[in-house]
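Have a look at structure-v5.cif below; it lists mmCIF, C-alpha atoms.
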```
data_input
#
loop_
_atom_site.label_atom_id
_atom_site.label_comp_id
_atom_site.auth_asym_id
_atom_site.auth_seq_id
_atom_site.Cartn_x
_atom_site.Cartn_y
_atom_site.Cartn_z
CA MET T 768 159.04 48.57 25.44
CA SER T 769 157.94 51.93 24.08
CA LEU T 770 155.42 52.24 21.26
CA GLU T 771 158.14 53.55 18.95
CA CYS T 772 160.39 50.56 19.69
CA LYS T 773 157.53 48.12 19.12
CA LYS T 774 156.70 49.79 15.82
CA LYS T 775 160.33 49.62 14.74
CA THR T 776 160.60 45.96 15.74
CA VAL T 777 157.50 45.03 13.72
CA MET T 778 158.75 46.94 10.69
CA ARG T 779 162.16 45.28 10.91
CA ARG T 780 160.59 41.79 11.23
CA ARG T 781 158.46 42.35 8.14
CA MET T 782 161.49 43.50 6.13
CA GLU T 783 163.55 40.50 7.22
CA GLU T 784 160.76 38.10 6.26
CA SER T 785 160.40 39.56 2.74
CA PRO T 786 163.08 39.14 0.03
CA ARG T 787 165.48 42.06 0.11
CA SER T 788 167.82 43.38 -2.54
CA PRO T 789 171.59 43.62 -1.89
CA GLU T 790 171.17 47.40 -1.65
CA ALA T 791 168.43 47.06 0.98
CA LYS T 792 170.69 44.78 3.02
CA ILE T 793 173.18 47.64 3.21
CA GLY T 794 170.38 49.80 4.56
CA MET T 795 169.60 47.16 7.19
CA ARG T 796 173.28 47.18 8.15
CA VAL T 797 173.03 50.95 8.66
CA GLU T 798 169.93 50.33 10.77
CA ASP T 799 171.83 47.95 13.05
CA LEU T 800 174.72 50.39 13.40
CA TRP T 801 172.32 53.25 14.08
CA ASP T 802 171.01 51.52 17.19
CA ILE T 803 174.45 51.30 18.81
CA GLN T 804 175.58 54.89 18.21
CA GLU T 805 176.10 57.25 21.12
CA PRO T 806 172.69 58.76 22.04
CA GLU T 807 174.09 62.30 22.26
CA LEU T 808 175.06 62.27 18.58
CA SER T 809 172.89 64.22 16.16
CA PRO T 810 171.07 62.24 13.43
CA ASN T 811 173.57 63.57 10.86
CA ASP T 812 176.54 62.51 12.96
CA LYS T 813 174.96 59.09 13.49
CA LEU T 814 174.64 58.60 9.74
CA ASN T 815 178.25 59.64 9.26
CA ALA T 816 179.37 57.13 11.88
CA CYS T 817 177.28 54.35 10.33
CA PHE T 818 178.64 54.88 6.83
CA GLU T 819 182.19 55.17 8.17
CA SER T 820 181.80 51.67 9.64
CA ILE T 821 180.81 49.99 6.35
CA PRO T 822 183.55 49.14 3.79
CA VAL T 823 182.94 49.88 0.10
CA SER T 824 183.53 46.18 -0.59
CA ALA T 825 179.97 45.69 0.70
CA PHE T 826 178.51 47.69 -2.20
CA PRO T 827 176.81 45.34 -4.70
CA LEU T 828 178.85 44.52 -7.79
CA PRO T 829 177.46 45.56 -11.18
CA PRO T 830 176.06 42.95 -13.59
CA SER T 831 178.85 40.98 -15.26
CA ASN T 832 178.03 42.55 -18.61
CA GLN T 833 178.79 45.97 -17.14
CA GLU T 834 182.41 45.13 -16.31
CA ILE T 835 183.55 46.89 -19.43
CA GLU T 836 187.12 47.98 -20.09
CA ILE T 837 188.43 49.83 -23.14
CA LYS T 838 191.88 49.16 -24.52
CA SER T 839 194.20 52.12 -24.85
CA ASP T 840 194.75 51.43 -28.57
CA ALA T 841 191.01 51.56 -29.34
CA THR T 842 189.96 54.42 -31.59
CA LEU T 843 187.52 57.09 -30.43
CA ALA T 844 184.98 55.62 -32.85
CA GLU T 845 185.37 52.20 -31.27
CA ALA T 846 185.16 53.65 -27.74
CA VAL T 847 181.92 55.49 -28.59
CA LYS T 848 180.39 52.29 -29.95
CA ILE T 849 181.38 50.34 -26.83
CA LEU T 850 179.95 52.94 -24.44
CA ALA T 851 176.73 53.28 -26.48
CA LYS T 852 176.29 49.51 -26.87
CA HIS T 853 176.49 48.91 -23.14
CA ASN T 854 174.62 52.11 -22.26
CA ILE T 855 177.35 53.33 -19.92
CA LEU T 856 178.88 56.79 -19.57
CA SER T 857 182.45 55.80 -18.73
CA ALA T 858 184.87 52.90 -18.66
CA PRO T 859 188.43 52.28 -17.42
CA VAL T 860 191.15 52.34 -20.08
CA VAL T 861 193.62 49.46 -19.94
CA ASP T 862 197.18 50.11 -21.08
CA VAL T 863 197.83 47.46 -23.71
CA ASP T 864 201.57 47.85 -23.14
CA ALA T 865 201.41 47.10 -19.40
CA PRO T 866 202.95 43.77 -18.29
CA GLU T 867 200.70 40.97 -17.05
CA ASP T 868 201.85 41.40 -13.45
CA ALA T 869 201.40 45.19 -13.47
CA SER T 870 199.89 46.89 -10.43
CA TRP T 871 196.55 48.59 -10.90
CA ILE T 872 198.18 52.02 -11.19
CA ASP T 873 200.32 50.77 -14.10
CA ARG T 874 197.57 48.67 -15.65
CA TYR T 875 195.15 51.56 -16.17
CA ILE T 876 195.84 54.93 -17.79
CA GLY T 877 192.56 56.43 -16.63
CA ILE T 878 188.82 56.39 -17.08
CA VAL T 879 187.45 57.70 -20.34
CA GLU T 880 184.07 59.36 -20.00
CA PHE T 881 181.54 59.91 -22.75
CA ALA T 882 181.69 63.56 -21.74
CA GLY T 883 185.44 63.58 -22.35
CA ILE T 884 184.99 62.31 -25.90
CA VAL T 885 182.15 64.77 -26.42
CA VAL T 886 184.39 67.64 -25.30
CA TRP T 887 187.07 66.54 -27.76
CA ILE T 888 184.45 66.28 -30.50
CA LEU T 889 183.10 69.77 -29.80
CA HIS T 890 186.57 71.26 -30.06
CA GLN T 891 186.71 70.04 -33.64
CA SER T 892 184.04 72.58 -34.60
CA GLU T 893 186.16 75.46 -33.34
CA PRO T 894 188.85 77.15 -35.47
CA THR T 895 192.37 76.32 -34.36
CA SER T 896 194.04 79.43 -33.02
CA PRO T 897 197.77 79.70 -33.70
CA LYS T 898 198.03 81.24 -30.22
CA SER T 899 196.35 78.26 -28.60
CA PRO T 900 198.40 75.14 -29.30
CA SER T 901 196.46 73.27 -26.61
CA SER T 902 193.13 73.61 -28.40
CA GLY T 903 191.23 70.39 -28.99
CA THR T 904 192.08 69.94 -32.67
CA ALA T 905 195.75 70.77 -32.28
CA PHE T 906 196.08 68.63 -29.17
CA ALA T 907 194.51 65.53 -30.66
CA ALA T 908 196.21 66.02 -34.01
CA ALA T 909 199.59 66.49 -32.39
CA ALA T 910 199.03 63.35 -30.38
CA ASN T 911 198.42 61.59 -33.67
CA GLY T 912 201.61 62.94 -35.18
CA MET T 913 199.91 65.55 -37.39
CA THR T 914 201.50 68.91 -36.75
CA SER T 915 201.41 70.96 -39.92
CA ALA T 916 198.74 73.51 -40.71
CA LEU T 917 198.16 71.82 -44.05
CA GLU T 918 197.32 68.55 -42.31
CA LEU T 919 194.88 70.33 -39.99
CA ASP T 920 193.23 72.21 -42.83
CA ALA T 921 192.89 68.98 -44.77
CA LEU T 922 190.53 67.68 -42.08
CA ASN T 923 187.92 70.30 -43.07
CA LEU T 924 186.73 70.39 -39.46
CA GLY T 925 187.89 73.71 -38.10
CA SER T 926 185.67 75.73 -40.43
CA ALA T 927 182.61 73.49 -40.19
CA PRO T 928 179.44 75.52 -39.65
CA THR T 929 178.41 75.17 -36.02
CA ALA T 930 174.79 74.42 -36.95
CA SER T 931 175.37 72.31 -40.02
CA GLY T 932 173.52 69.01 -40.13
CA ASN T 933 176.47 67.54 -42.01
CA PHE T 934 179.01 68.44 -39.34
CA PHE T 935 178.83 65.19 -37.40
CA GLU T 936 178.64 63.10 -40.56
CA ASP T 937 181.81 64.76 -41.80
CA LEU T 938 183.43 64.30 -38.43
CA ILE T 939 182.79 60.59 -37.90
CA SER T 940 183.87 59.83 -41.45
CA SER T 941 187.14 61.73 -40.97
CA ASP T 942 190.46 59.97 -40.48
CA LEU T 943 190.98 61.99 -37.30
CA TYR T 944 187.92 60.48 -35.59
CA LYS T 945 188.56 56.98 -36.90
CA ASN T 946 192.30 56.93 -36.23
CA THR T 947 192.75 58.88 -32.99
CA LYS T 948 193.36 56.45 -30.15
CA VAL T 949 191.82 56.72 -26.71
CA ARG T 950 195.29 57.08 -25.20
CA ASP T 951 195.87 60.13 -27.44
CA ILE T 952 193.22 62.13 -25.58
CA SER T 953 194.30 61.01 -22.10
CA GLY T 954 194.94 64.66 -21.30
CA SER T 955 191.16 65.10 -21.16
CA PHE T 956 190.73 62.44 -18.48
CA ARG T 957 189.60 63.82 -15.14
CA TRP T 958 192.09 61.69 -13.21
CA ALA T 959 195.27 60.17 -14.59
CA PRO T 960 195.30 57.35 -13.94
CA PHE T 961 192.40 58.02 -11.58
CA LEU T 962 191.43 58.41 -7.96
CA ALA T 963 190.47 54.98 -6.63
CA LEU T 964 189.40 53.44 -3.36
CA GLU T 965 190.60 50.24 -1.79
CA ARG T 966 188.01 47.65 -0.78
CA SER T 967 188.62 48.51 2.87
CA ASN T 968 187.82 52.21 2.45
CA SER T 969 184.52 53.35 3.91
CA PHE T 970 181.13 54.21 2.50
CA LEU T 971 181.55 57.69 3.97
CA THR T 972 184.69 58.26 1.90
CA MET T 973 182.89 57.08 -1.22
CA LEU T 974 179.83 59.25 -0.59
CA LEU T 975 181.96 62.35 -0.02
CA LEU T 976 183.90 61.77 -3.24
CA LEU T 977 180.63 61.47 -5.18
CA SER T 978 179.18 64.62 -3.66
CA LYS T 979 181.52 67.25 -2.25
CA TYR T 980 184.43 66.24 -4.50
CA LYS T 981 182.21 66.01 -7.61
CA MET T 982 183.29 62.61 -8.91
CA LYS T 983 180.78 61.01 -11.26
CA SER T 984 181.93 57.52 -10.31
CA VAL T 985 184.38 55.95 -7.87
CA PRO T 986 186.47 52.92 -8.89
CA VAL T 987 187.14 50.33 -6.19
CA VAL T 988 190.42 48.48 -6.64
CA ASP T 989 191.33 44.96 -5.57
CA LEU T 990 194.99 45.49 -4.70
CA GLY T 991 195.76 41.77 -4.70
CA ALA T 992 194.47 41.22 -8.21
CA GLY T 993 195.62 44.63 -9.45
CA ARG T 994 192.25 45.22 -11.08
CA ILE T 995 189.16 47.36 -10.68
CA ASP T 996 186.71 45.36 -8.59
CA ASN T 997 183.73 47.71 -8.83
CA ILE T 998 182.75 51.17 -10.10
CA ILE T 999 180.23 52.94 -7.86
CA THR T 1000 178.20 55.66 -9.54
CA GLN T 1001 175.96 58.40 -8.20
CA SER T 1002 172.99 56.59 -9.78
CA ALA T 1003 173.89 53.36 -7.97
CA VAL T 1004 173.92 55.20 -4.63
CA ILE T 1005 170.51 56.75 -5.33
CA HIS T 1006 169.18 53.28 -6.18
CA MET T 1007 170.58 51.97 -2.89
CA LEU T 1008 168.77 54.74 -1.01
CA ALA T 1009 165.52 54.00 -2.84
CA GLU T 1010 165.80 50.38 -1.74
CA CYS T 1011 166.08 51.49 1.90
CA SER T 1012 162.45 52.60 1.98
CA GLY T 1013 160.78 51.37 5.17
CA LEU T 1014 163.90 51.47 7.32
CA GLN T 1015 163.70 53.78 10.30
CA TRP T 1016 166.89 55.75 9.63
CA PHE T 1017 165.92 56.34 6.01
CA GLU T 1018 162.31 57.27 6.76
CA SER T 1019 163.33 59.84 9.40
CA TRP T 1020 165.56 61.52 6.80
CA GLY T 1021 163.48 60.83 3.71
CA ASP T 1022 160.24 62.20 5.16
CA LYS T 1023 161.74 65.69 5.33
CA LYS T 1024 160.65 68.31 2.81
CA LEU T 1025 163.26 69.41 0.29
CA SER T 1026 163.58 72.81 1.94
CA GLU T 1027 164.30 71.17 5.31
CA VAL T 1028 167.51 69.65 3.95
CA GLY T 1029 168.49 72.76 1.97
CA LEU T 1030 167.31 71.73 -1.49
CA PRO T 1031 167.35 72.89 -4.20
CA LEU T 1032 170.95 74.13 -4.11
CA VAL T 1033 170.70 75.65 -7.59
CA THR T 1034 168.37 78.66 -7.75
CA PRO T 1035 166.43 79.85 -10.85
CA SER T 1036 168.97 82.61 -11.56
CA GLN T 1037 171.80 80.06 -11.52
CA ILE T 1038 170.24 77.62 -13.99
CA ILE T 1039 171.93 77.64 -17.40
CA LYS T 1040 169.25 77.48 -20.10
CA VAL T 1041 169.01 77.06 -23.87
CA TYR T 1042 166.22 78.20 -26.21
CA GLU T 1043 164.54 75.62 -28.42
CA ASP T 1044 165.31 77.56 -31.63
CA GLU T 1045 169.07 77.61 -30.98
CA PRO T 1046 171.45 75.26 -32.86
CA VAL T 1047 171.80 71.95 -31.04
CA LEU T 1048 175.58 72.03 -31.41
CA GLN T 1049 175.58 75.38 -29.62
CA ALA T 1050 173.69 73.78 -26.74
CA PHE T 1051 176.33 71.07 -26.37
CA LYS T 1052 179.06 73.72 -26.49
CA LEU T 1053 177.29 75.66 -23.75
CA MET T 1054 177.25 72.57 -21.52
CA ARG T 1055 180.95 72.04 -22.16
CA LYS T 1056 181.80 75.71 -21.49
CA GLN T 1057 179.80 75.86 -18.27
CA GLY T 1058 180.97 72.43 -17.07
CA ILE T 1059 177.44 71.05 -16.65
CA GLY T 1060 175.88 67.76 -17.71
CA GLY T 1061 172.50 69.05 -18.81
CA LEU T 1062 170.24 72.06 -19.20
CA PRO T 1063 166.54 72.88 -19.60
CA VAL T 1064 165.11 73.89 -22.96
CA ILE T 1065 163.04 77.09 -22.88
CA LYS T 1066 160.55 78.35 -25.44
CA ARG T 1067 161.57 81.73 -26.83
CA GLY T 1068 159.76 84.53 -25.02
CA GLY T 1069 158.74 82.34 -22.10
CA SER T 1070 160.12 81.08 -18.80
CA LYS T 1071 158.73 77.55 -18.79
CA ALA T 1072 160.92 74.57 -19.57
CA VAL T 1073 159.66 72.45 -22.48
CA GLY T 1074 162.44 69.88 -22.54
CA ASN T 1075 165.81 68.78 -21.20
CA MET T 1076 169.13 68.21 -22.92
CA SER T 1077 171.94 66.07 -21.55
CA LEU T 1078 175.57 65.98 -22.61
CA GLN T 1079 175.24 62.23 -23.08
CA ASP T 1080 172.58 62.84 -25.74
CA VAL T 1081 175.33 63.74 -28.19
CA GLN T 1082 175.86 60.00 -28.60
CA PHE T 1083 172.85 59.98 -30.91
CA LEU T 1084 174.67 62.35 -33.24
CA LEU T 1085 177.86 60.28 -33.05
CA THR T 1086 176.30 56.83 -33.45
CA ALA T 1087 173.45 57.60 -35.86
CA PRO T 1088 174.16 60.89 -37.66
CA GLU T 1089 172.30 59.69 -40.75
CA ILE T 1090 169.01 60.68 -39.09
CA TYR T 1091 170.05 64.30 -39.56
CA ARG T 1092 171.21 64.00 -43.15
CA ASP T 1093 168.35 66.18 -44.44
CA TYR T 1094 168.93 68.94 -41.93
CA ARG T 1095 170.90 72.03 -42.87
CA ALA T 1096 170.56 73.38 -39.33
CA ILE T 1097 169.60 71.15 -36.42
CA THR T 1098 167.84 73.16 -33.78
CA VAL T 1099 167.34 72.03 -30.20
CA LYS T 1100 163.65 71.54 -30.96
CA ASP T 1101 164.50 69.33 -33.95
CA PHE T 1102 166.87 67.31 -31.81
CA LEU T 1103 164.34 66.72 -29.04
CA THR T 1104 161.79 65.61 -31.63
CA VAL T 1105 164.06 62.93 -33.07
CA VAL T 1106 166.13 61.55 -30.19
CA PRO T 1107 164.85 58.82 -27.82
CA THR T 1108 163.11 59.85 -24.61
CA THR T 1109 166.28 60.25 -22.54
CA SER T 1110 165.76 64.01 -22.82
CA ASP T 1111 162.32 64.01 -21.17
CA LEU T 1112 161.79 66.90 -18.78
CA ILE T 1113 161.22 65.53 -15.27
CA THR T 1114 159.98 67.98 -12.64
CA CYS T 1115 158.95 68.09 -9.01
CA LYS T 1116 157.43 70.62 -6.62
CA LYS T 1117 159.06 72.29 -3.63
CA ASP T 1118 156.79 70.37 -1.25
CA PHE T 1119 158.26 67.02 -2.34
CA THR T 1120 159.93 64.95 0.34
CA VAL T 1121 163.48 63.66 -0.04
CA LYS T 1122 162.10 60.12 -0.28
CA GLU T 1123 159.67 61.05 -3.08
CA LEU T 1124 162.47 62.73 -5.00
CA ILE T 1125 164.82 59.75 -4.62
CA GLN T 1126 162.13 57.35 -5.80
CA LEU T 1127 161.39 59.58 -8.80
CA LEU T 1128 165.05 59.81 -9.82
CA ASP T 1129 165.55 56.07 -9.38
CA HIS T 1130 162.38 55.12 -11.26
CA LYS T 1131 163.08 57.45 -14.19
CA LYS T 1132 166.83 56.64 -14.23
CA ILE T 1133 167.71 60.32 -14.60
CA LEU T 1134 170.54 62.49 -13.27
CA ARG T 1135 168.64 65.70 -12.47
CA VAL T 1136 165.17 67.01 -11.79
CA TYR T 1137 163.81 70.54 -12.18
CA VAL T 1138 161.80 72.17 -9.41
CA VAL T 1139 158.79 74.09 -10.79
CA ASP T 1140 155.90 76.10 -9.38
CA ASP T 1141 152.22 75.45 -10.09
CA ASP T 1142 152.49 77.32 -13.40
CA GLY T 1143 155.51 75.33 -14.57
CA ASN T 1144 158.07 78.10 -14.04
CA LEU T 1145 161.54 76.98 -12.96
CA GLU T 1146 162.29 77.34 -9.26
CA GLY T 1147 165.46 75.32 -9.01
CA LEU T 1148 167.50 72.30 -10.06
CA ILE T 1149 168.47 69.20 -8.06
CA THR T 1150 171.09 66.67 -9.13
CA LEU T 1151 172.04 63.26 -7.73
CA ARG T 1152 175.15 64.86 -6.25
CA ASP T 1153 173.02 67.41 -4.38
CA ILE T 1154 171.00 64.66 -2.69
CA ILE T 1155 174.07 62.68 -1.62
CA SER T 1156 175.62 65.87 -0.22
CA ARG T 1157 172.60 66.25 2.11
CA LEU T 1158 173.06 62.71 3.46
CA VAL T 1159 176.59 63.02 4.88
CA HIS T 1160 179.12 65.72 5.75
CA GLU T 1161 182.91 65.80 5.87
CA PRO T 1162 184.36 65.84 9.40
CA HIS T 1163 187.21 68.28 9.96
CA GLY T 1164 190.50 66.87 8.68
CA TYR T 1165 188.77 63.69 7.50
CA PHE T 1166 190.79 63.09 4.34
CA GLY T 1167 194.17 64.06 5.77
CA ASP T 1168 196.80 63.09 3.18
CA PHE T 1169 194.33 60.97 1.19
CA PHE T 1170 194.81 63.06 -1.95
CA ASP T 1171 198.59 63.11 -1.75
CA GLY T 1172 200.12 61.45 -4.79
CA VAL T 1173 197.06 61.92 -6.96
CA LEU T 1174 198.23 63.43 -10.22
CA PRO T 1175 196.84 66.97 -10.67
CA LEU T 1176 194.29 67.78 -13.34
CA PRO T 1177 196.19 68.34 -16.59
CA PRO T 1178 196.24 71.99 -17.79
CA ASN T 1179 194.50 71.06 -21.06
CA SER T 1180 191.83 68.96 -19.36
CA ARG T 1181 188.33 69.91 -20.53
CA VAL T 1182 186.26 67.45 -18.52
#
```

Final structure tokens representation of the file:
Amino acid sequence: MSLECKKKTVMRRRMEESPRSPEAKIGMRVEDLWDIQEPELSPNDKLNACFESIPVSAFPLPPSNQEIEIKSDATLAEAVKILAKHNILSAPVVDVDAPEDASWIDRYIGIVEFAGIVVWILHQSEPTSPKSPSSGTAFAAAANGMTSALELDALNLGSAPTASGNFFEDLISSDLYKNTKVRDISGSFRWAPFLALERSNSFLTMLLLLSKYKMKSVPVVDLGAGRIDNIITQSAVIHMLAECSGLQWFESWGDKKLSEVGLPLVTPSQIIKVYEDEPVLQAFKLMRKQGIGGLPVIKRGGSKAVGNMSLQDVQFLLTAPEIYRDYRAITVKDFLTVVPTTSDLITCKKDFTVKELIQLLDHKKILRVYVVDDDGNLEGLITLRDIISRLVHEPHGYFGDFFDGVLPLPPNSRV
């Protein structure tokens, strides 16, 4: 037996003797599959083959308290409270009018994301253009049966100052926010009802959807029960990878420097930034306009990041706007001073390994990390999606007709 084989055997024995998490057991399954792959395959092709052989039903289920569903007749205010209470970014929406024996595709009308509600909220600060009947205010109001200009003007939302500290207080106290149902904004859902996997679909399919196809989460459906069995997120996959530390296949990939796997994908010139003296509402609008989930905060006149803002941080304005009651203009700096530490700026250096980066992201429970030089200047941005995209690749013709029948993204979708 070669020295490498002996070393691998000892490492494997130690891991089997110690308690392992469900995620680590998936990694051990990959390890077993790795050993039986064709020797002429490249390491990347071996990983692809391993993940193709594991069904998504093997992915650990979330805690029972995370199996949250939102009823289609819930108001936006109620949906925001549910998402914030359970500290989740999205939840499936159940059609309250669906029969008991409905199939999953009839039972659910989609997945509502916090970002989707945020986008709808941000549209309320923009004047309604008579030439744009699909604008956020007109769309939601029309869905609620309010069509006249007088009714829209009565909301006092379209002309709200974009930096006013009272904007969100006015908004969440409005009838529009309290009465609009989740089903009324279904046009903002990314998928309608949504793109789901069956329990028999592979890990490779799931990983590609979360990376190349830019899905934030992938629902797994139990066809027999007609219900969502699991929702796999990018964060859950990163946690699984972190738990694979010590396994040969993971170490051989994880020990590589970021540059060896082509990271960061986002260069300094491509990073969308916001200055700390800008209105916080403008920062959220910028994220919505650019279709990004977060951005670094830069001090005026400098190039160093002093903070980070995430689209999900808007929940603090929606769930506790009273903390801004004394502000006439909430700047980004003001916002970062008051909100909890979810907006901490987390950085790494270019000489980090993939393993170090995964462990950092998993430990901090964050969605992105900024690459900086020794002086703190931005050199790039890495997201969870970027890391997953370096783990697997899509074989030619892999999906075939997989996407056939999936309803296209609605024209007025903003998510």

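Near T:Val1121, within 9 Å and counting all atoms listed in the file, sit Trp1020, Gly1021, Asp1022, Lys1023, Lys1024, Leu1025, Val1028, Phe1119, Glu1123, Leu1124, Ile1125, Gln1126 and Ile1154 of chain T, not including residues fewer than 2 positions from it in the same chain.
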
Can you spell out as a short mmCIF file (atom, residue, chain, number, x, y, z; two decimals) with C-alpha atoms, in the frame of the given file the set of residues that the PyMOL selection byres ((chain T and resi 793-809) around 10) selects in the structure I just provided?
```cif
data_model
loop_
_atom_site.label_atom_id
_atom_site.label_comp_id
_atom_site.auth_asym_id
_atom_site.auth_seq_id
_atom_site.Cartn_x
_atom_site.Cartn_y
_atom_site.Cartn_z
CA ARG T 779 162.16 45.28 10.91
CA MET T 782 161.49 43.50 6.13
CA GLU T 783 163.55 40.50 7.22
CA ARG T 787 165.48 42.06 0.11
CA SER T 788 167.82 43.38 -2.54
CA PRO T 789 171.59 43.62 -1.89
CA GLU T 790 171.17 47.40 -1.65
CA ALA T 791 168.43 47.06 0.98
CA LYS T 792 170.69 44.78 3.02
CA PRO T 810 171.07 62.24 13.43
CA ASN T 811 173.57 63.57 10.86
CA ASP T 812 176.54 62.51 12.96
CA LYS T 813 174.96 59.09 13.49
CA LEU T 814 174.64 58.60 9.74
CA ASN T 815 178.25 59.64 9.26
CA ALA T 816 179.37 57.13 11.88
CA CYS T 817 177.28 54.35 10.33
CA PHE T 818 178.64 54.88 6.83
CA SER T 820 181.80 51.67 9.64
CA ILE T 821 180.81 49.99 6.35
CA ALA T 825 179.97 45.69 0.70
CA PHE T 826 178.51 47.69 -2.20
CA PRO T 827 176.81 45.34 -4.70
CA MET T 1007 170.58 51.97 -2.89
CA LEU T 1008 168.77 54.74 -1.01
CA ALA T 1009 165.52 54.00 -2.84
CA GLU T 1010 165.80 50.38 -1.74
CA CYS T 1011 166.08 51.49 1.90
CA SER T 1012 162.45 52.60 1.98
CA GLY T 1013 160.78 51.37 5.17
CA LEU T 1014 163.90 51.47 7.32
CA GLN T 1015 163.70 53.78 10.30
CA TRP T 1016 166.89 55.75 9.63
CA PHE T 1017 165.92 56.34 6.01
#
```

Nearby residues (all atoms listed in the file) at most 12 Å from T:Gly991, same-chain spacing under 2 positions excluded, as number ranges by chain: T: 868-871, 965-966, 988-989, 993-996

Computed interatomic separation between atom CA of T:Ser941 and atom CA of T:Lys1052 (Å): 20.5 Å

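Each of T:Glu880, T:Asp1168, T:Glu819, T:Glu867 was compared to T:Leu974 using all atoms listed in the file, and T:Glu819 turns out to be the nearest.
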
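You can rank T:Cys1115, T:Val1099, T:Ile1059, T:Ile1149 by their closest distance to T:Val1047 using all atoms listed in the file, and at the top of that list sits T:Val1099.
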